[in-house]
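*Asks:* Just so it is clear, I am handing over run_21.cif, which has mmCIF, C-alpha atoms.
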data_my_file
#
loop_
_atom_site.label_atom_id
_atom_site.label_comp_id
_atom_site.auth_asym_id
_atom_site.auth_seq_id
_atom_site.Cartn_x
_atom_site.Cartn_y
_atom_site.Cartn_z
CA MET K 184 9.79 203.99 -40.09
CA TYR K 185 12.01 206.12 -42.28
CA ILE K 186 15.80 206.23 -42.17
CA VAL K 187 16.95 209.62 -43.41
CA ALA K 188 20.60 209.70 -44.48
CA THR K 189 21.68 213.31 -44.06
CA PRO K 190 24.75 214.83 -42.44
CA ILE K 191 23.16 217.13 -39.87
CA GLY K 192 26.17 219.45 -39.88
CA ASN K 193 25.81 220.36 -43.57
CA MET K 194 22.37 221.48 -44.65
CA GLY K 195 23.45 221.84 -48.27
CA ASP K 196 23.42 218.05 -48.60
CA ILE K 197 19.86 217.39 -47.49
CA THR K 198 17.56 216.29 -50.30
CA GLU K 199 14.08 217.55 -51.07
CA ARG K 200 12.72 214.10 -50.33
CA ALA K 201 14.40 214.09 -46.92
CA CYS K 202 12.84 217.48 -46.17
CA ARG K 203 9.39 216.17 -47.08
CA VAL K 204 9.84 213.09 -44.90
CA LEU K 205 11.02 215.13 -41.94
CA ALA K 206 8.18 217.62 -42.31
CA GLY K 207 5.65 214.77 -42.27
CA ALA K 208 7.12 212.95 -39.27
CA ASP K 209 5.17 212.34 -36.09
CA VAL K 210 8.49 212.05 -34.25
CA VAL K 211 12.18 212.20 -35.16
CA ALA K 212 14.49 209.77 -33.37
CA CYS K 213 17.99 211.23 -33.12
CA GLU K 214 21.29 210.96 -31.28
CA ASP K 215 21.20 214.47 -29.78
CA THR K 216 17.95 216.44 -29.64
CA ARG K 217 19.89 219.72 -29.45
CA VAL K 218 21.76 219.05 -32.71
CA THR K 219 18.75 217.79 -34.63
CA GLY K 220 16.52 220.47 -33.13
CA ALA K 221 18.85 223.17 -34.47
CA MET K 222 18.75 221.57 -37.92
CA LEU K 223 14.97 221.41 -37.98
CA LYS K 224 14.79 225.01 -36.82
CA ARG K 225 16.97 226.10 -39.75
CA LEU K 226 14.59 224.20 -42.04
CA GLY K 227 11.62 225.99 -40.49
CA MET K 228 10.21 222.77 -39.03
CA SER K 229 8.79 221.98 -35.62
CA VAL K 230 8.69 218.21 -35.09
CA PRO K 231 8.71 216.29 -31.76
CA LEU K 232 12.11 214.75 -31.01
CA LEU K 233 13.05 211.51 -29.26
CA ALA K 234 16.61 210.82 -28.14
CA TYR K 235 17.80 207.42 -29.39
CA HIS K 236 21.47 206.47 -28.97
CA GLU K 237 23.66 203.61 -27.83
CA HIS K 238 23.22 204.45 -24.14
CA ASN K 239 19.41 204.31 -24.10
CA ALA K 240 18.72 202.09 -27.11
CA ASP K 241 17.52 199.03 -25.20
CA ARG K 242 14.98 201.11 -23.30
CA VAL K 243 13.82 203.38 -26.15
CA ARG K 244 13.75 200.84 -28.99
CA PRO K 245 10.47 199.20 -27.85
CA GLN K 246 8.86 202.66 -27.64
CA ILE K 247 9.84 203.43 -31.24
CA LEU K 248 8.60 200.07 -32.50
CA ALA K 249 5.29 200.55 -30.67
CA ARG K 250 4.81 203.95 -32.31
CA VAL K 251 5.56 202.55 -35.77
CA ALA K 252 3.17 199.64 -35.14
CA GLY K 253 0.55 202.19 -34.11
CA GLY K 254 0.76 203.91 -37.48
CA GLU K 255 3.03 206.83 -36.63
CA ALA K 256 5.70 208.08 -39.05
CA VAL K 257 8.98 207.75 -37.16
CA VAL K 258 12.12 209.17 -38.77
CA LEU K 259 15.61 208.08 -37.69
CA VAL K 260 18.53 210.49 -38.26
CA SER K 261 22.11 210.73 -36.99
CA ASP K 262 24.27 213.64 -35.87
CA ALA K 263 26.91 212.92 -38.49
CA GLY K 264 27.31 210.47 -41.33
CA THR K 265 24.77 207.95 -42.55
CA PRO K 266 22.56 206.18 -39.98
CA LEU K 267 23.34 202.47 -39.55
CA ILE K 268 26.72 202.69 -41.34
CA SER K 269 29.24 201.80 -38.61
CA ASP K 270 26.38 202.61 -36.26
CA PRO K 271 24.43 200.47 -33.73
CA GLY K 272 21.10 201.66 -35.17
CA TYR K 273 20.96 198.46 -37.20
CA LYS K 274 19.37 196.80 -34.18
CA LEU K 275 16.33 199.05 -34.58
CA VAL K 276 15.94 198.06 -38.23
CA ARG K 277 16.44 194.38 -37.41
CA SER K 278 13.79 194.55 -34.70
CA ALA K 279 11.39 196.38 -37.02
CA ALA K 280 11.92 193.76 -39.72
CA ASP K 281 11.38 190.95 -37.20
CA GLU K 282 8.02 192.50 -36.32
CA GLY K 283 7.03 192.95 -39.95
CA LEU K 284 7.14 196.74 -39.79
CA SER K 285 7.92 198.88 -42.82
CA VAL K 286 11.41 200.42 -43.05
CA ILE K 287 12.02 202.98 -45.81
CA PRO K 288 15.54 204.29 -46.53
CA VAL K 289 15.87 207.90 -47.67
CA PRO K 290 19.37 208.09 -49.21
CA GLY K 291 21.61 211.09 -48.90
CA ALA K 292 25.30 211.97 -48.72
CA SER K 293 27.53 209.11 -47.55
CA ALA K 294 31.14 209.65 -46.48
CA LEU K 295 31.95 206.04 -47.42
CA LEU K 296 30.82 206.32 -51.03
CA THR K 297 31.97 209.93 -51.41
CA ALA K 298 35.50 208.93 -50.33
CA LEU K 299 35.55 206.11 -52.85
CA MET K 300 34.52 208.57 -55.56
CA VAL K 301 37.33 211.01 -54.83
CA ALA K 302 40.19 208.76 -53.69
CA GLY K 303 41.25 207.78 -57.20
CA LEU K 304 41.58 204.11 -56.25
CA PRO K 305 39.85 201.03 -57.73
CA THR K 306 36.11 200.97 -56.98
CA ASP K 307 35.04 197.76 -58.73
CA ARG K 308 35.54 195.85 -55.47
CA PHE K 309 35.86 197.34 -52.00
CA LEU K 310 35.54 196.33 -48.37
CA PHE K 311 34.31 198.71 -45.67
CA ALA K 312 35.92 197.79 -42.34
CA GLY K 313 34.42 200.49 -40.10
CA PHE K 314 36.55 201.96 -37.31
CA PRO K 315 39.86 200.17 -36.56
CA PRO K 316 40.46 199.23 -32.91
CA ALA K 317 41.82 201.89 -30.58
CA ARG K 318 44.92 199.93 -29.53
CA SER K 319 47.89 199.53 -31.88
CA LYS K 320 48.27 195.76 -31.43
CA ALA K 321 44.60 195.12 -32.24
CA ARG K 322 44.79 197.51 -35.21
CA GLN K 323 47.80 195.72 -36.64
CA ASP K 324 46.04 192.37 -36.22
CA LEU K 325 43.05 193.71 -38.16
CA PHE K 326 45.21 195.13 -40.95
CA ALA K 327 47.11 191.85 -41.19
CA PHE K 328 43.82 189.96 -41.44
CA LEU K 329 42.67 192.26 -44.27
CA ALA K 330 46.02 192.51 -46.06
CA ALA K 331 45.35 189.77 -48.60
CA VAL K 332 41.79 190.90 -49.44
CA PRO K 333 41.80 191.66 -53.20
CA ALA K 334 39.84 194.89 -52.83
CA THR K 335 40.16 198.53 -51.91
CA LEU K 336 39.85 198.94 -48.13
CA VAL K 337 37.82 201.74 -46.55
CA PHE K 338 38.05 202.75 -42.89
CA TYR K 339 36.47 205.40 -40.72
CA GLU K 340 38.93 206.75 -38.18
CA SER K 341 38.96 209.14 -35.27
CA VAL K 342 41.09 212.16 -36.12
CA HIS K 343 42.84 211.80 -32.76
CA ARG K 344 44.10 208.33 -33.74
CA LEU K 345 44.78 209.07 -37.42
CA PRO K 346 48.59 209.51 -37.24
CA GLU K 347 49.07 206.30 -35.24
CA SER K 348 46.58 204.37 -37.37
CA LEU K 349 48.34 205.41 -40.59
CA ALA K 350 51.66 204.34 -39.10
CA ASP K 351 50.23 200.90 -38.34
CA MET K 352 48.74 200.65 -41.84
CA ALA K 353 52.10 201.51 -43.38
CA ALA K 354 53.88 198.96 -41.18
CA VAL K 355 51.48 196.13 -42.01
CA LEU K 356 50.11 196.93 -45.48
CA GLY K 357 53.29 198.43 -46.90
CA ASP K 358 53.71 200.88 -49.76
CA ARG K 359 50.10 200.93 -50.97
CA PRO K 360 48.44 203.99 -52.51
CA ALA K 361 45.91 205.59 -50.20
CA ALA K 362 43.84 208.68 -49.55
CA VAL K 363 42.84 210.50 -46.38
CA CYS K 364 39.47 212.17 -47.00
CA ARG K 365 38.41 214.71 -44.39
CA GLU K 366 35.18 216.68 -43.86
CA LEU K 367 33.67 215.36 -47.10
CA THR K 368 30.88 217.51 -48.61
CA LYS K 369 31.53 220.16 -45.94
CA LEU K 370 33.14 223.60 -46.01
CA TYR K 371 36.66 222.44 -45.15
CA GLU K 372 36.70 219.32 -47.34
CA ASP K 373 40.25 218.06 -47.82
CA VAL K 374 41.69 215.04 -49.66
CA ARG K 375 45.32 213.97 -49.32
CA ARG K 376 46.62 211.25 -51.63
CA GLY K 377 49.90 209.35 -51.51
CA SER K 378 51.41 206.09 -50.36
CA LEU K 379 50.71 204.89 -46.85
CA PRO K 380 54.30 205.68 -45.72
CA GLU K 381 54.01 209.18 -47.23
CA LEU K 382 50.67 209.88 -45.57
CA SER K 383 51.93 208.46 -42.29
CA ALA K 384 54.95 210.78 -42.37
CA LEU K 385 52.75 213.74 -43.31
CA TYR K 386 50.35 213.34 -40.37
CA GLU K 387 53.16 212.47 -37.99
CA GLN K 388 54.59 215.87 -38.82
CA GLU K 389 51.31 217.81 -38.92
CA GLY K 390 49.59 216.02 -36.07
CA ALA K 391 45.92 215.06 -35.81
CA PRO K 392 43.58 217.12 -38.01
CA ARG K 393 40.03 218.17 -37.20
CA GLY K 394 36.70 216.84 -38.43
CA GLU K 395 35.51 213.50 -39.75
CA VAL K 396 37.95 211.23 -41.60
CA VAL K 397 37.71 208.36 -44.10
CA VAL K 398 40.86 206.46 -45.07
CA VAL K 399 40.85 204.63 -48.40
CA VAL K 400 43.64 202.11 -49.11
CA GLY K 401 44.34 200.52 -52.48
CA PRO K 402 44.23 196.73 -52.94
CA PRO K 403 47.37 194.59 -52.80
CA SER K 404 49.40 194.78 -56.00
CA ASP K 405 49.44 191.68 -58.15
CA THR K 406 53.01 191.57 -59.31
CA GLY K 407 53.04 187.90 -60.10
CA HIS K 408 56.13 187.55 -57.86
CA ALA K 409 55.96 184.41 -55.75
CA VAL K 410 56.90 184.89 -52.13
CA SER K 411 60.00 182.84 -51.39
CA THR K 412 60.64 180.79 -48.29
CA ASP K 413 63.49 183.15 -47.45
CA ASP K 414 61.05 186.10 -47.58
CA ILE K 415 58.66 184.34 -45.21
CA ASP K 416 61.47 183.32 -42.86
CA ALA K 417 62.81 186.88 -42.71
CA LEU K 418 59.39 188.31 -41.90
CA LEU K 419 58.73 185.62 -39.30
CA ARG K 420 62.09 186.16 -37.57
CA GLN K 421 61.33 189.85 -37.31
CA SER K 422 57.77 189.32 -36.08
CA LEU K 423 58.65 186.59 -33.60
CA GLN K 424 60.92 188.99 -31.73
CA THR K 425 57.85 190.76 -30.34
CA LEU K 426 54.85 188.56 -31.13
CA SER K 427 53.58 185.11 -30.24
CA ILE K 428 53.73 182.42 -32.91
CA ARG K 429 50.00 182.76 -33.54
CA ASP K 430 50.14 186.54 -33.96
CA ALA K 431 53.31 186.41 -36.05
CA VAL K 432 51.75 183.85 -38.37
CA SER K 433 48.62 185.98 -38.81
CA LEU K 434 50.71 189.07 -39.53
CA VAL K 435 53.01 187.41 -42.07
CA ALA K 436 50.18 185.55 -43.77
CA GLY K 437 48.37 188.87 -44.17
CA GLN K 438 51.47 190.62 -45.49
CA THR K 439 52.33 187.95 -48.05
CA GLY K 440 49.04 186.32 -48.99
CA VAL K 441 50.54 182.91 -48.18
CA LYS K 442 48.19 180.43 -46.50
CA LYS K 443 48.35 180.45 -42.71
CA ARG K 444 49.04 176.72 -42.48
CA ASP K 445 52.15 177.13 -44.66
CA VAL K 446 53.40 180.12 -42.66
CA TYR K 447 52.68 178.22 -39.43
CA ALA K 448 54.78 175.30 -40.64
CA ARG K 449 57.70 177.67 -41.27
CA ALA K 450 57.19 179.29 -37.86
CA LEU K 451 57.38 175.90 -36.12
CA GLU K 452 60.53 175.11 -38.05
CA LEU K 453 62.10 178.44 -37.13
CA THR K 454 61.27 178.15 -33.43
CA THR K 455 62.98 174.79 -32.99
CA PRO K 456 66.27 175.02 -31.06
CA GLY K 457 68.99 176.63 -33.13
CA HIS K 458 66.93 178.35 -35.79
CA MET K 459 66.08 181.56 -33.91
CA ARG K 460 69.81 181.98 -33.19
CA GLY K 461 70.49 181.73 -36.91
CA ASP K 462 72.48 178.47 -36.53
#
Just give me the structure as structure tokens.

*Replies:*
Amino acid sequence: MYIVATPIGNMGDITERACRVLAGADVVACEDTRVTGAMLKRLGMSVPLLAYHEHNADRVRPQILARVAGGEAVVLVSDAGTPLISDPGYKLVRSAADEGLSVIPVPGASALLTALMVAGLPTDRFLFAGFPPARSKARQDLFAFLAAVPATLVFYESVHRLPESLADMAAVLGDRPAAVCRELTKLYEDVRRGSLPELSALYEQEGAPRGEVVVVVGPPSDTGHAVSTDDIDALLRQSLQTLSIRDAVSLVAGQTGVKKRDVYARALELTTPGHMRGD
């Protein structure tokens, strides 16, 4: 089984090797046969197609594995982006590996790596966190959990949620440098760089853009400034107005890099009678 990494919407990015693999396929497994069929037609190819997506995966996966076991060349592609990156197709590869079947990656354009190349942020260490949750509270919890990670953070995001997601990033991660990379390698490629508050304000004003988006956020700055107890108390008092102790501790620990047990101890102290009133 071959995994061809090619953005279907941009034929200029498909490699010669990918073309050879597709031309030699017995069947191409794809998310949408109409989209992939149009691509193959533009390439002058006529290859049988098999729909394989999250809604039919459990039923179709055994069929694909049986064809690979029978000696057929099965090629897996996706409508957009790189197959298996923030994509449930990993289950197909895992099943193939469990059965001792050959899996051959055919690399191509990747929005994740392309965004890292163009963002202008540190690339020696990065963490890809996929798509943030759809709800603001869950997003903020995720950003708080990742806040102390000493690496550049990379997210995919729906354009419809981008303004709200950037606002949550700015609220939790603070004044970090970031980049919003849209439609990478495509005709309307666009990269906006700035601090998270700046980018949040920009997209709040402009509204949701179109296309596919990658958000790259710089790592936490290492200023050498120790977080004081007063700093922690101030953040906890603010957070505890709207959050439970557990959620407030997670948020403040993520914001400051202080161990959760130490923040929790301060939270218990602050929530004893008298403290929350400022006595």

*Asks:* Can you turn the PyMOL selection byres ((chain K and resi 435) around 12) into a concrete residue list for this file, as a ChimeraX atom specification?

*Replies:* /K:323-324,326-331,354-356,410,412,414-423,426,428-434,436-447,449-450

*Asks:* Which neighbours of Glu366 (chain K) fall inside 6 Å, counting only C-alpha atoms, when residues of the same chain fewer than 4 positions from it are skipped, and could you give them as a list of chain:residue names?

*Replies:*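 Non-adjacent residues within range: K:Glu372, K:Gly394, K:Glu395.
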
*Asks:* Identify, on the basis of only C-alpha atoms, every residue whose closest approach to region 385-388 of chain K does not exceed 8 Å; exclude the query and any residue fewer than 2 positions from it along the same chain; express the result as a PDB file with C-alpha atoms, keeping the file's coordinate frame.

*Replies:*
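Saved to selection_35.pdb:
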ATOM      1  CA  LEU K 345      44.780 209.070 -37.420  1.00  0.00           C
ATOM      2  CA  PRO K 346      48.590 209.510 -37.240  1.00  0.00           C
ATOM      3  CA  GLU K 347      49.070 206.300 -35.240  1.00  0.00           C
ATOM      4  CA  GLU K 381      54.010 209.180 -47.230  1.00  0.00           C
ATOM      5  CA  LEU K 382      50.670 209.880 -45.570  1.00  0.00           C
ATOM      6  CA  SER K 383      51.930 208.460 -42.290  1.00  0.00           C
ATOM      7  CA  GLY K 390      49.590 216.020 -36.070  1.00  0.00           C
ATOM      8  CA  ALA K 391      45.920 215.060 -35.810  1.00  0.00           C
TER       9      ALA K 391
END

*Asks:* Leaving out Val210 (chain K) and any residue of its chain fewer than 4 positions from it, which residues lie within 6 Å of it when counting all atoms listed in the file, given as a ChimeraX atom specification?

*Replies:* /K:231-232,257

*Asks:* Run the PyMOL selection byres ((chain K and resi 376) around 8) on the file and write out the hits as a PyMOL selection string.

*Replies:* chain K and resi 302+360-363+374-375+377-378+382

*Asks:* So which residues get picked by the PyMOL selection byres ((chain K and resi 246) around 12) here, written as JSON, numbers by chain?

*Replies:* {"K": [210, 212, 233, 234, 235, 239, 240, 241, 242, 243, 244, 245, 247, 248, 249, 250, 251, 252, 253, 255, 257, 275, 278, 279]}

*Asks:* As a list in words, please: the residues near Leu367 (chain K) (cut-off 8 Å, only C-alpha atoms, same-chain neighbours under 4 positions excluded).

*Replies:*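 After dropping sequence-adjacent residues, the list is Ala294, Thr297, Ala298, Tyr371, Glu372, Asp373 and Glu395 of chain K.
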
*Asks:* Between CA of Asp413 (chain K) and CA of Leu451 (chain K), what is the distance in Å, rounded to a tenth?

*Replies:* 14.8 Å

*Asks:* What gap, in Å, lies between CA of Thr335 (chain K) and CA of Asp351 (chain K)?

*Replies:* 17.1 Å

*Asks:* CA of Pro266 (chain K) to CA of Arg365 (chain K): how many Å, to one decimal?

*Replies:*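 Separation of CA of Pro266 (chain K) and CA of Arg365 (chain K): 18.5 Å.
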
*Asks:* Taking every listed atom of region 258-266 of chain K and adding 4 Å to each side, what centre and edge lengths in Å (one decimal) does the axis-aligned box have, as AutoDock Vina command-line options?

*Replies:*
--center_x 19.7 --center_y 209.9 --center_z -39.2 --size_x 23.2 --size_y 15.5 --size_z 14.7

*Asks:* Taking only C-alpha atoms into account, name the residue in K:Glu340, K:Glu214, K:Glu452, K:Glu389 that is nearest to Leu295 (chain K).

*Replies:*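 Between K:Glu340, K:Glu214, K:Glu452, K:Glu389, the residue approaching Leu295 (chain K) most closely is K:Glu340.
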
*Asks:* If we count all atoms listed in the file, what is near Val286 (chain K) at a cut-off of 10 Å, once residues fewer than 2 positions away on the same chain are taken out, given as a PyMOL selection string?

*Replies:* chain K and resi 184-186+251+257-258+275-277+279-280+283-284+288-289

*Asks:* Check the smallest atom-to-atom distance from each of K:Leu453, K:Val398, K:Val204, K:Val342 to Ala312 (chain K) using only C-alpha atoms, then report the winner.

*Replies:*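 Comparing K:Leu453, K:Val398, K:Val204, K:Val342 against Ala312 (chain K), the winner is K:Val398.
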
*Asks:* Which one is closest to Arg200 (chain K): K:Arg359, K:His236, K:Leu259, K:Val187? Count all atoms listed in the file.

*Replies:*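 Smallest distance to Arg200 (chain K) is found for K:Val187.
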
*Asks:* Between K:Gly291, K:Gly220, K:Gly401, K:Gly207, which residue has the minimum interatomic distance to Leu310 (chain K), considering all atoms listed in the file?

*Replies:*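 Among the listed residues, K:Gly401 lies closest to Leu310 (chain K).
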
*Asks:* For a quick check of understanding, using all atoms listed in the file, which of K:Thr265, K:Ser404, K:Thr455, K:Thr425 has the smallest distance to Pro333 (chain K)?

*Replies:*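 Closest candidate: K:Ser404.
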